[in-house]
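The data block below is my_file.cif; it holds mmCIF, C-alpha atoms.
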data_protein
loop_
_atom_site.label_atom_id
_atom_site.label_comp_id
_atom_site.auth_asym_id
_atom_site.auth_seq_id
_atom_site.Cartn_x
_atom_site.Cartn_y
_atom_site.Cartn_z
CA MET A 289 32.49 -0.57 -9.43
CA SER A 290 34.96 -2.65 -11.40
CA LYS A 291 34.34 -3.55 -15.03
CA HIS A 292 34.94 -7.15 -14.00
CA ASP A 293 32.03 -7.17 -11.57
CA ASN A 294 29.29 -9.63 -12.50
CA LEU A 295 25.97 -7.77 -12.24
CA SER A 296 22.46 -9.17 -12.52
CA LEU A 297 18.89 -8.17 -11.79
CA CYS A 298 17.09 -10.56 -9.49
CA LYS A 299 13.60 -9.86 -8.20
CA ASP A 300 13.76 -12.81 -5.80
CA GLY A 301 16.84 -11.25 -4.23
CA VAL A 302 14.72 -8.75 -2.29
CA PHE A 303 12.96 -11.56 -0.38
CA ALA A 304 15.94 -12.15 1.87
CA LEU A 305 15.00 -11.73 5.54
CA SER A 306 16.37 -14.36 7.92
CA GLU A 307 14.09 -17.11 9.19
CA HIS A 308 13.97 -15.54 12.66
CA GLU A 309 13.09 -12.10 11.29
CA VAL A 310 10.38 -13.57 9.08
CA LYS A 311 8.87 -15.37 12.08
CA GLU A 312 8.68 -12.14 14.08
CA THR A 313 7.27 -10.26 11.08
CA LEU A 314 4.57 -12.88 10.54
CA SER A 315 3.55 -12.62 14.19
CA LEU A 316 3.23 -8.84 13.85
CA ARG A 317 1.37 -9.30 10.54
CA ASN A 318 -1.19 -11.52 12.24
CA ILE A 319 -1.88 -8.86 14.87
CA PHE A 320 -2.46 -6.26 12.17
CA TYR A 321 -4.48 -8.74 10.10
CA ASN A 322 -6.94 -9.53 12.91
CA ARG A 323 -7.55 -5.82 13.44
CA PHE A 324 -7.92 -5.11 9.75
CA LYS A 325 -10.23 -8.08 9.27
CA THR A 326 -12.52 -6.96 12.09
CA GLN A 327 -12.66 -3.35 10.92
CA VAL A 328 -13.18 -4.25 7.26
CA SER A 329 -15.95 -6.71 8.20
CA LEU A 330 -17.76 -4.02 10.22
CA LEU A 331 -17.44 -1.56 7.37
CA LEU A 332 -18.68 -4.10 4.85
CA GLU A 333 -21.68 -4.95 7.03
CA SER A 334 -22.62 -1.26 7.27
CA LYS A 335 -22.61 -1.04 3.47
CA ARG A 336 -24.60 -4.19 2.69
CA PRO A 337 -27.70 -3.59 0.52
CA LYS A 338 -30.86 -3.06 2.59
CA SER A 339 -34.46 -3.82 1.67
CA PHE A 340 -37.25 -1.31 2.19
CA HIS A 341 -40.92 -1.03 1.26
CA THR A 342 -42.45 1.57 -1.02
CA ASP A 343 -45.49 2.22 -3.22
CA LYS A 344 -43.46 1.33 -6.35
CA GLY A 345 -41.14 -1.53 -7.15
CA ARG A 346 -41.39 -5.33 -6.95
CA LEU A 347 -44.58 -6.72 -5.41
CA ASP A 348 -44.08 -8.27 -1.99
CA PRO A 349 -46.65 -11.13 -1.66
CA ARG A 350 -46.41 -10.96 2.11
CA ARG A 351 -47.78 -7.41 2.05
CA VAL A 352 -50.57 -7.66 -0.51
CA TYR A 353 -53.19 -8.10 2.22
CA ARG A 354 -52.36 -4.59 3.47
CA HIS A 355 -53.35 -2.93 0.20
CA ASN A 356 -56.52 -1.37 1.59
CA PHE A 357 -54.54 0.21 4.39
CA SER A 358 -51.22 1.03 2.78
CA ASP A 359 -49.73 1.53 -0.68
CA ASN A 360 -46.31 0.34 0.51
CA ILE A 361 -46.74 -3.24 -0.73
CA PHE A 362 -43.72 -3.22 -3.02
CA ILE A 363 -40.21 -4.11 -2.03
CA ARG A 364 -37.04 -2.47 -3.28
CA LYS A 365 -33.39 -3.14 -2.51
CA GLU A 366 -30.68 -0.56 -2.21
CA THR A 367 -27.56 -1.35 -4.19
CA THR A 368 -23.99 -0.60 -3.29
CA PRO A 369 -21.62 0.26 -6.15
CA LYS A 370 -18.72 -2.12 -6.63
CA GLY A 371 -15.26 -1.02 -5.59
CA ASP A 372 -13.38 0.68 -8.40
CA THR A 373 -10.16 1.62 -6.64
CA THR A 374 -6.54 0.48 -6.68
CA ILE A 375 -4.37 1.13 -3.62
CA VAL A 376 -0.68 1.40 -4.56
CA MET A 377 1.74 0.82 -1.68
CA LEU A 378 5.34 2.05 -1.91
CA ILE A 379 7.86 0.54 0.52
CA ASP A 380 11.18 2.25 1.26
CA GLY A 381 13.89 -0.37 0.74
CA SER A 382 16.85 1.74 1.87
CA GLY A 383 19.50 0.52 4.30
CA SER A 384 18.26 2.68 7.18
CA MET A 385 15.03 0.67 7.19
CA ASP A 386 17.06 -2.10 8.84
CA CYS A 387 17.03 -0.17 12.14
CA GLY A 388 15.05 -1.85 14.90
CA VAL A 389 11.77 -0.80 16.51
CA GLU A 390 9.47 -2.50 19.01
CA LEU A 391 5.75 -2.94 18.45
CA PHE A 392 3.36 -5.13 20.46
CA ASN A 393 6.34 -6.76 22.22
CA HIS A 394 7.94 -7.69 18.90
CA ARG A 395 11.44 -6.40 18.13
CA VAL A 396 11.55 -5.96 14.37
CA THR A 397 13.10 -3.69 11.77
CA ARG A 398 11.39 -0.66 10.30
CA LEU A 399 11.07 -2.54 7.05
CA ALA A 400 9.44 -5.47 8.84
CA VAL A 401 6.74 -3.10 10.09
CA CYS A 402 6.07 -2.11 6.47
CA ASN A 403 6.02 -5.76 5.44
CA ALA A 404 3.56 -6.64 8.19
CA VAL A 405 1.24 -3.75 7.37
CA VAL A 406 0.99 -4.39 3.62
CA SER A 407 0.71 -8.17 4.07
CA ALA A 408 -2.04 -7.80 6.67
CA PHE A 409 -4.00 -5.31 4.60
CA ALA A 410 -3.74 -7.37 1.40
CA LYS A 411 -4.79 -10.54 3.24
CA ALA A 412 -7.79 -8.81 4.86
CA VAL A 413 -8.94 -7.40 1.52
CA ASN A 414 -8.70 -10.91 0.05
CA ASP A 415 -10.49 -12.71 2.90
CA VAL A 416 -13.24 -10.19 3.57
CA LEU A 417 -13.76 -8.30 0.30
CA GLY A 418 -12.76 -10.97 -2.19
CA ASN A 419 -10.17 -8.58 -3.63
CA GLU A 420 -12.85 -6.14 -4.72
CA ILE A 421 -10.23 -3.47 -4.02
CA LYS A 422 -7.08 -3.88 -6.09
CA ILE A 423 -3.69 -3.70 -4.39
CA GLU A 424 -0.25 -3.16 -5.91
CA VAL A 425 2.89 -3.25 -3.75
CA PHE A 426 6.27 -1.91 -4.91
CA LEU A 427 9.73 -1.68 -3.35
CA LYS A 428 11.62 1.52 -4.20
CA SER A 429 15.40 1.28 -4.28
CA ALA A 430 18.44 3.34 -5.25
CA PRO A 431 21.32 0.92 -5.96
CA PRO A 432 24.85 2.24 -5.20
CA MET A 433 26.08 1.92 -8.79
CA THR A 434 25.71 3.57 -12.17
CA GLY A 435 23.87 2.44 -15.25
CA LYS A 436 27.19 2.06 -17.06
CA ALA A 437 28.06 -0.87 -14.83
CA ILE A 438 24.94 -2.68 -16.02
CA THR A 439 24.23 -1.49 -19.56
CA GLY A 440 27.65 -0.36 -20.69
CA THR A 441 26.26 3.12 -21.47
CA ASP A 442 27.17 6.20 -19.50
CA ASN A 443 23.67 6.98 -18.23
CA GLY A 444 24.68 7.43 -14.63
CA SER A 445 22.93 6.71 -11.34
CA PHE A 446 19.38 5.39 -11.28
CA VAL A 447 16.53 4.22 -9.07
CA THR A 448 14.41 1.07 -9.35
CA LEU A 449 10.89 -0.13 -8.65
CA THR A 450 10.31 -3.80 -7.85
CA ARG A 451 6.73 -5.06 -8.07
CA LEU A 452 6.31 -7.26 -4.99
CA PHE A 453 2.62 -8.13 -5.06
CA THR A 454 -0.61 -7.70 -6.99
CA ASN A 455 -4.11 -9.08 -6.46
CA SER A 456 -5.26 -7.98 -9.92
CA THR A 457 -4.96 -11.54 -11.26
CA ASN A 458 -6.44 -13.09 -8.10
CA LYS A 459 -4.29 -16.20 -8.60
CA ASN A 460 -1.67 -17.79 -6.34
CA LEU A 461 -1.65 -14.90 -3.90
CA ASP A 462 1.25 -15.24 -1.46
CA PHE A 463 0.73 -12.90 1.46
CA ASP A 464 3.54 -14.45 3.53
CA SER A 465 6.17 -13.55 0.92
CA LEU A 466 5.57 -9.88 1.68
CA CYS A 467 6.95 -10.55 5.15
CA LYS A 468 10.30 -11.63 3.67
CA VAL A 469 11.29 -8.38 1.93
CA ASP A 470 14.73 -7.12 3.00
CA CYS A 471 16.64 -3.80 2.73
CA VAL A 472 18.34 -4.65 -0.54
CA SER A 473 17.99 -3.57 -4.14
CA PRO A 474 17.08 -6.04 -6.90
CA VAL A 475 20.64 -5.68 -8.26
CA ASN A 476 23.11 -8.45 -7.43
CA VAL A 477 26.87 -7.87 -7.60
CA ASN A 478 29.00 -10.99 -8.00
CA GLY A 479 26.06 -13.02 -6.73
CA LYS A 480 25.62 -10.87 -3.63
CA GLN A 481 22.79 -8.46 -2.95
CA ALA A 482 23.53 -4.75 -3.32
CA GLY A 483 22.22 -2.30 -0.77
CA SER A 484 20.10 0.76 -1.44
CA TYR A 485 20.02 4.48 -0.81
CA THR A 486 16.66 6.18 -0.30
CA ALA A 487 14.80 6.62 -3.59
CA GLU A 488 11.49 7.96 -2.21
CA PHE A 489 9.39 9.91 -4.74
CA SER A 490 12.10 9.96 -7.40
CA VAL A 491 10.34 6.83 -8.68
CA LEU A 492 7.04 8.64 -9.32
CA PRO A 493 7.56 9.39 -13.05
CA SER A 494 8.13 5.71 -13.78
CA LEU A 495 5.38 4.63 -11.39
CA LEU A 496 2.76 6.90 -12.94
CA LYS A 497 3.75 5.76 -16.42
CA TRP A 498 3.26 2.18 -15.28
CA MET A 499 -0.07 3.06 -13.64
CA ASN A 500 -1.37 4.72 -16.81
CA ASN A 501 -0.56 1.58 -18.79
CA ASN A 502 -1.71 -1.06 -16.29
CA ILE A 503 -4.29 0.18 -13.79
CA THR A 504 -7.86 -0.04 -15.06
CA THR A 505 -9.83 1.12 -12.01
CA LYS A 506 -11.38 4.57 -11.92
CA ASN A 507 -9.67 5.63 -8.70
CA VAL A 508 -6.11 5.27 -7.36
CA VAL A 509 -4.82 5.84 -3.82
CA LEU A 510 -1.11 5.88 -2.94
CA PHE A 511 0.16 4.77 0.47
CA ASN A 512 3.85 5.45 1.11
CA LEU A 513 5.83 3.67 3.85
CA THR A 514 9.20 5.16 4.83
CA ASP A 515 11.52 6.24 7.62
CA GLY A 516 12.00 9.72 6.25
CA ASP A 517 14.69 11.57 4.34
CA ALA A 518 15.28 11.06 0.62
CA TYR A 519 18.87 10.46 -0.46
CA ALA A 520 19.79 9.33 -3.97
CA SER A 521 21.72 10.31 -7.09
CA LEU A 522 20.19 10.54 -10.55
CA GLY A 523 21.55 10.56 -14.07
CA LYS A 524 24.93 10.98 -15.67
CA ASP A 525 25.73 14.05 -13.56
CA ARG A 526 24.62 12.27 -10.39
CA LEU A 527 22.21 15.02 -9.45
CA SER A 528 21.37 14.98 -5.77
CA PHE A 529 17.80 13.96 -4.93
CA SER A 530 16.99 15.06 -1.38
CA ASP A 531 13.96 16.22 0.61
CA LYS A 532 13.51 19.43 -1.40
CA GLU A 533 13.28 17.49 -4.64
CA ASN A 534 11.13 14.88 -2.92
CA LYS A 535 8.58 17.53 -1.91
CA ASN A 536 8.54 18.96 -5.44
CA MET A 537 7.88 15.52 -6.91
CA ARG A 538 4.99 14.96 -4.51
CA ILE A 539 3.40 18.29 -5.43
CA LYS A 540 3.88 17.72 -9.15
CA TYR A 541 2.80 14.09 -9.44
CA LEU A 542 0.43 13.48 -6.51
CA ARG A 543 -1.64 16.66 -6.54
CA ASN A 544 -4.65 14.77 -7.93
CA ILE A 545 -3.98 11.40 -6.27
CA PRO A 546 -5.17 10.77 -2.68
CA ASN A 547 -2.14 9.73 -0.68
CA ALA A 548 -0.80 9.16 2.82
CA THR A 549 2.57 8.30 4.36
CA LEU A 550 3.37 5.97 7.24
CA SER A 551 6.47 7.38 8.96
CA ILE A 552 8.53 4.81 10.86
CA GLY A 553 11.32 6.13 13.04
CA SER A 554 11.06 9.80 12.06
CA GLY A 555 7.82 10.77 13.76
CA ARG A 556 5.22 13.21 12.51
CA ASN A 557 7.05 16.51 12.68
CA GLN A 558 6.98 19.70 10.65
CA HIS A 559 9.73 18.46 8.37
CA MET A 560 7.86 15.24 7.55
CA VAL A 561 4.60 17.11 6.93
CA GLN A 562 6.29 19.63 4.66
CA THR A 563 7.93 16.86 2.66
CA TYR A 564 5.12 14.30 2.50
CA GLY A 565 2.00 16.38 3.09
CA GLN A 566 -0.59 16.56 5.86
CA ASN A 567 -1.52 12.87 5.70
CA VAL A 568 1.49 11.63 7.68
CA ILE A 569 0.88 8.85 10.20
CA SER A 570 3.67 8.26 12.68
CA ALA A 571 4.47 4.73 13.84
CA ASP A 572 6.23 6.35 16.82
CA ASP A 573 3.02 7.85 18.20
CA GLU A 574 1.02 6.05 20.85
CA GLY A 575 -1.98 4.44 19.23
CA PHE A 576 -0.60 4.84 15.70
CA SER A 577 -2.24 1.60 14.63
CA THR A 578 -5.69 3.09 15.22
CA LYS A 579 -4.82 6.10 13.05
CA MET A 580 -3.45 3.81 10.38
CA PHE A 581 -6.54 1.60 10.47
CA ASN A 582 -8.78 4.68 10.23
CA CYS A 583 -6.80 5.84 7.21
CA PHE A 584 -7.21 2.50 5.48
CA MET A 585 -10.89 2.36 6.42
CA LYS A 586 -11.34 5.77 4.82
CA PHE A 587 -9.71 4.46 1.66
CA ILE A 588 -11.98 1.40 1.66
CA GLY A 589 -15.07 3.44 2.51
CA GLU A 590 -14.45 5.70 -0.46
CA ALA A 591 -13.73 2.71 -2.68
CA LEU A 592 -16.92 0.76 -1.93
#
Render the structure in this file as structure tokens.
Amino acid sequence: MSKHDNLSLCKDGVFALSEHEVKETLSLRNIFYNRFKTQVSLLLESKRPKSFHTDKGRLDPRRVYRHNFSDNIFIRKETTPKGDTTIVMLIDGSGSMDCGVELFNHRVTRLAVCNAVVSAFAKAVNDVLGNEIKIEVFLKSAPPMTGKAITGTDNGSFVTLTRLFTNSTNKNLDFDSLCKVDCVSPVNVNGKQAGSYTAEFSVLPSLLKWMNNNITTKNVVLFNLTDGDAYASLGKDRLSFSDKENKNMRIKYLRNIPNATLSIGSGRNQHMVQTYGQNVISADDEGFSTKMFNCFMKFIGEAL
């Protein structure tokens, strides 16, 4: 990295997929969305408040005539507690996520699968639940440069988190923009987008600090989307952050946070389970979408 390089941070730089790729991603998103919408609607219907009659409660005029035969002339309604959960989604923005996969006759990148999933889920939560469940989406990156190139201080290699989407404000929600995220970091070099190594759970300390300061719901669920191995450098000494460190970070920071990982391209093998835990869903397995939907439905069921 030359001292003459012109560096800048640009959030909009991560929304860089080509028009053709965005079109394919939107088509895949719509398939996921229709499935999510149906499943969420069924779940919501099963949890709607129900009326029942009892010998105490609010008098039901239509039942007063039965008083001599039954004491159940009062009506009561069950109530369902409001959702008090935030689902945080972490998307792997590394260069390997640009590899292609095929789903539902759509040839897309691994990252496009992530984009389609989070966009579909966020849109379904908006349309069916009125954003009762809060959603935060982040892109995790590991730019191939040191902090000295940006700040002038010798603080070494670093990772970044880019906040892509939130429904906490419930204003101007753009679900389609999530289908435009590319495998680049938010750092531009000489006006061009820099790539990214694989940050994975090295971002957790910063993420949890942000969550403590910004998330107000009682419960938090983390959903990680990745193609596998961690590979990044940290700090002045450029300490290697690999799968061993990734596992340790998960155990340390996510022990009390419900979490799951969608594995795209790496399968659900012993290595993935050891690194990311038992809740690994493989996009390479037949019928993975059903497992993924069931996972999300479990999250929603616990949130409502």
If the PyMOL selection byres ((chain A and resi 420-425) around 7) is run on the structure shown, which residues does it catch, given as a PyMOL selection string?
chain A and resi 371-378+410+413+417-419+426+451-456
Those same residues - C-alpha atoms - I'd like them written as a short mmCIF file (atom, residue, chain, number, x, y, z; two decimals), keeping the file's coordinate frame.
data_model
loop_
_atom_site.label_atom_id
_atom_site.label_comp_id
_atom_site.auth_asym_id
_atom_site.auth_seq_id
_atom_site.Cartn_x
_atom_site.Cartn_y
_atom_site.Cartn_z
CA GLY A 371 -15.26 -1.02 -5.59
CA ASP A 372 -13.38 0.68 -8.40
CA THR A 373 -10.16 1.62 -6.64
CA THR A 374 -6.54 0.48 -6.68
CA ILE A 375 -4.37 1.13 -3.62
CA VAL A 376 -0.68 1.40 -4.56
CA MET A 377 1.74 0.82 -1.68
CA LEU A 378 5.34 2.05 -1.91
CA ALA A 410 -3.74 -7.37 1.40
CA VAL A 413 -8.94 -7.40 1.52
CA LEU A 417 -13.76 -8.30 0.30
CA GLY A 418 -12.76 -10.97 -2.19
CA ASN A 419 -10.17 -8.58 -3.63
CA PHE A 426 6.27 -1.91 -4.91
CA ARG A 451 6.73 -5.06 -8.07
CA LEU A 452 6.31 -7.26 -4.99
CA PHE A 453 2.62 -8.13 -5.06
CA THR A 454 -0.61 -7.70 -6.99
CA ASN A 455 -4.11 -9.08 -6.46
CA SER A 456 -5.26 -7.98 -9.92
#
inquiry  = Under the rule that all atoms listed in the file are counted, which of A:Lys325, A:Lys586, A:Arg538, A:Lys524 is the nearest residue to Gln566 of chain A?
reply    =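 Of A:Lys325, A:Lys586, A:Arg538, A:Lys524, the one nearest Gln566 of chain A, counting all atoms listed in the file, is A:Arg538.
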For the structure provided, state which residues fall under the PyMOL selection byres ((chain A and resi 304) around 10), and present them as an MDAnalysis selection string. chainID A and resid 300:303 305:307 309:310 465 467:472 481
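With atom CA of Lys579 of chain A on one side and atom CA of Thr450 of chain A on the other, the separation reads 27.6 Å.
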Note to self: Quick check on the file I pasted: which residues fall under the PyMOL selection byres ((chain A and resi 554-560) around 9)? Write them as a list in words.
What the structure shows: Thr514, Asp515, Gly516, Asp517, Ser551, Ile552, Gly553, Val561, Gln562, Thr563, Tyr564, Gly565, Gln566, Val568, Ile569, Ser570, Ala571, Asp572 and Asp573 of chain A
Per-axis box centre and lengths in Å around segment 549-565 of chain A, 3 Å margin per side, axis-aligned, as lines of an AutoDock Vina configuration file:
center_x = 6.7
center_y = 12.3
center_z = 8.1
size_x = 15.3
size_y = 20.9
size_z = 17.3
message: From the options A:Asn536, A:Asn476, A:Asn567, A:Ser490, which residue's atoms come nearest to Phe511 of chain A, counting only C-alpha atoms?
response: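 Closest to Phe511 of chain A of all the choices is A:Asn567.
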Since the input is missing atoms, can you rebuild N, CA and C atoms for segment 543-566 of chain A and write them as a PDB file, in the coordinates of the input?
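New file selection.pdb:
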ATOM      1  N   ARG A 543      -0.669  15.615  -6.868  1.00  0.00           N
ATOM      2  CA  ARG A 543      -1.640  16.660  -6.540  1.00  0.00           C
ATOM      3  C   ARG A 543      -3.083  16.187  -6.727  1.00  0.00           C
ATOM      4  N   ASN A 544      -3.290  15.255  -7.663  1.00  0.00           N
ATOM      5  CA  ASN A 544      -4.650  14.770  -7.930  1.00  0.00           C
ATOM      6  C   ASN A 544      -4.842  13.322  -7.495  1.00  0.00           C
ATOM      7  N   ILE A 545      -3.890  12.790  -6.736  1.00  0.00           N
ATOM      8  CA  ILE A 545      -3.980  11.400  -6.270  1.00  0.00           C
ATOM      9  C   ILE A 545      -4.040  11.392  -4.750  1.00  0.00           C
ATOM     10  N   PRO A 546      -5.120  10.883  -4.146  1.00  0.00           N
ATOM     11  CA  PRO A 546      -5.170  10.770  -2.680  1.00  0.00           C
ATOM     12  C   PRO A 546      -3.987   9.952  -2.189  1.00  0.00           C
ATOM     13  N   ASN A 547      -3.322  10.438  -1.146  1.00  0.00           N
ATOM     14  CA  ASN A 547      -2.140   9.730  -0.680  1.00  0.00           C
ATOM     15  C   ASN A 547      -1.910   9.952   0.804  1.00  0.00           C
ATOM     16  N   ALA A 548      -1.175   9.051   1.414  1.00  0.00           N
ATOM     17  CA  ALA A 548      -0.800   9.160   2.820  1.00  0.00           C
ATOM     18  C   ALA A 548       0.564   8.501   2.991  1.00  0.00           C
ATOM     19  N   THR A 549       1.248   8.850   4.079  1.00  0.00           N
ATOM     20  CA  THR A 549       2.570   8.300   4.360  1.00  0.00           C
ATOM     21  C   THR A 549       2.627   7.764   5.776  1.00  0.00           C
ATOM     22  N   LEU A 550       3.093   6.524   5.920  1.00  0.00           N
ATOM     23  CA  LEU A 550       3.370   5.970   7.240  1.00  0.00           C
ATOM     24  C   LEU A 550       4.839   6.217   7.541  1.00  0.00           C
ATOM     25  N   SER A 551       5.110   7.020   8.572  1.00  0.00           N
ATOM     26  CA  SER A 551       6.470   7.380   8.960  1.00  0.00           C
ATOM     27  C   SER A 551       6.929   6.460  10.096  1.00  0.00           C
ATOM     28  N   ILE A 552       8.016   5.750   9.866  1.00  0.00           N
ATOM     29  CA  ILE A 552       8.530   4.810  10.860  1.00  0.00           C
ATOM     30  C   ILE A 552       9.916   5.259  11.296  1.00  0.00           C
ATOM     31  N   GLY A 553      10.027   5.718  12.518  1.00  0.00           N
ATOM     32  CA  GLY A 553      11.320   6.130  13.040  1.00  0.00           C
ATOM     33  C   GLY A 553      11.603   7.610  12.972  1.00  0.00           C
ATOM     34  N   SER A 554      10.820   8.354  12.196  1.00  0.00           N
ATOM     35  CA  SER A 554      11.060   9.800  12.060  1.00  0.00           C
ATOM     36  C   SER A 554       9.978  10.647  12.725  1.00  0.00           C
ATOM     37  N   GLY A 555       8.894  10.025  13.113  1.00  0.00           N
ATOM     38  CA  GLY A 555       7.820  10.770  13.760  1.00  0.00           C
ATOM     39  C   GLY A 555       7.024  11.614  12.778  1.00  0.00           C
ATOM     40  N   ARG A 556       6.012  12.280  13.313  1.00  0.00           N
ATOM     41  CA  ARG A 556       5.220  13.210  12.510  1.00  0.00           C
ATOM     42  C   ARG A 556       5.581  14.624  12.943  1.00  0.00           C
ATOM     43  N   ASN A 557       6.598  15.177  12.326  1.00  0.00           N
ATOM     44  CA  ASN A 557       7.050  16.510  12.680  1.00  0.00           C
ATOM     45  C   ASN A 557       6.842  17.454  11.492  1.00  0.00           C
ATOM     46  N   GLN A 558       7.197  18.702  11.686  1.00  0.00           N
ATOM     47  CA  GLN A 558       6.980  19.700  10.650  1.00  0.00           C
ATOM     48  C   GLN A 558       7.733  19.350   9.362  1.00  0.00           C
ATOM     49  N   HIS A 559       8.928  18.834   9.534  1.00  0.00           N
ATOM     50  CA  HIS A 559       9.730  18.460   8.370  1.00  0.00           C
ATOM     51  C   HIS A 559       9.039  17.361   7.561  1.00  0.00           C
ATOM     52  N   MET A 560       8.541  16.334   8.241  1.00  0.00           N
ATOM     53  CA  MET A 560       7.860  15.240   7.550  1.00  0.00           C
ATOM     54  C   MET A 560       6.604  15.724   6.842  1.00  0.00           C
ATOM     55  N   VAL A 561       5.843  16.595   7.513  1.00  0.00           N
ATOM     56  CA  VAL A 561       4.600  17.110   6.930  1.00  0.00           C
ATOM     57  C   VAL A 561       4.903  17.975   5.709  1.00  0.00           C
ATOM     58  N   GLN A 562       5.932  18.806   5.803  1.00  0.00           N
ATOM     59  CA  GLN A 562       6.290  19.630   4.660  1.00  0.00           C
ATOM     60  C   GLN A 562       6.725  18.793   3.465  1.00  0.00           C
ATOM     61  N   THR A 563       7.415  17.706   3.738  1.00  0.00           N
ATOM     62  CA  THR A 563       7.930  16.860   2.660  1.00  0.00           C
ATOM     63  C   THR A 563       6.848  15.958   2.078  1.00  0.00           C
ATOM     64  N   TYR A 564       6.060  15.325   2.950  1.00  0.00           N
ATOM     65  CA  TYR A 564       5.120  14.300   2.500  1.00  0.00           C
ATOM     66  C   TYR A 564       3.653  14.718   2.544  1.00  0.00           C
ATOM     67  N   GLY A 565       3.373  15.915   3.050  1.00  0.00           N
ATOM     68  CA  GLY A 565       2.000  16.380   3.090  1.00  0.00           C
ATOM     69  C   GLY A 565       1.348  16.149   4.443  1.00  0.00           C
ATOM     70  N   GLN A 566       0.113  16.603   4.571  1.00  0.00           N
ATOM     71  CA  GLN A 566      -0.590  16.560   5.860  1.00  0.00           C
ATOM     72  C   GLN A 566      -0.935  15.134   6.302  1.00  0.00           C
TER      73      GLN A 566
END
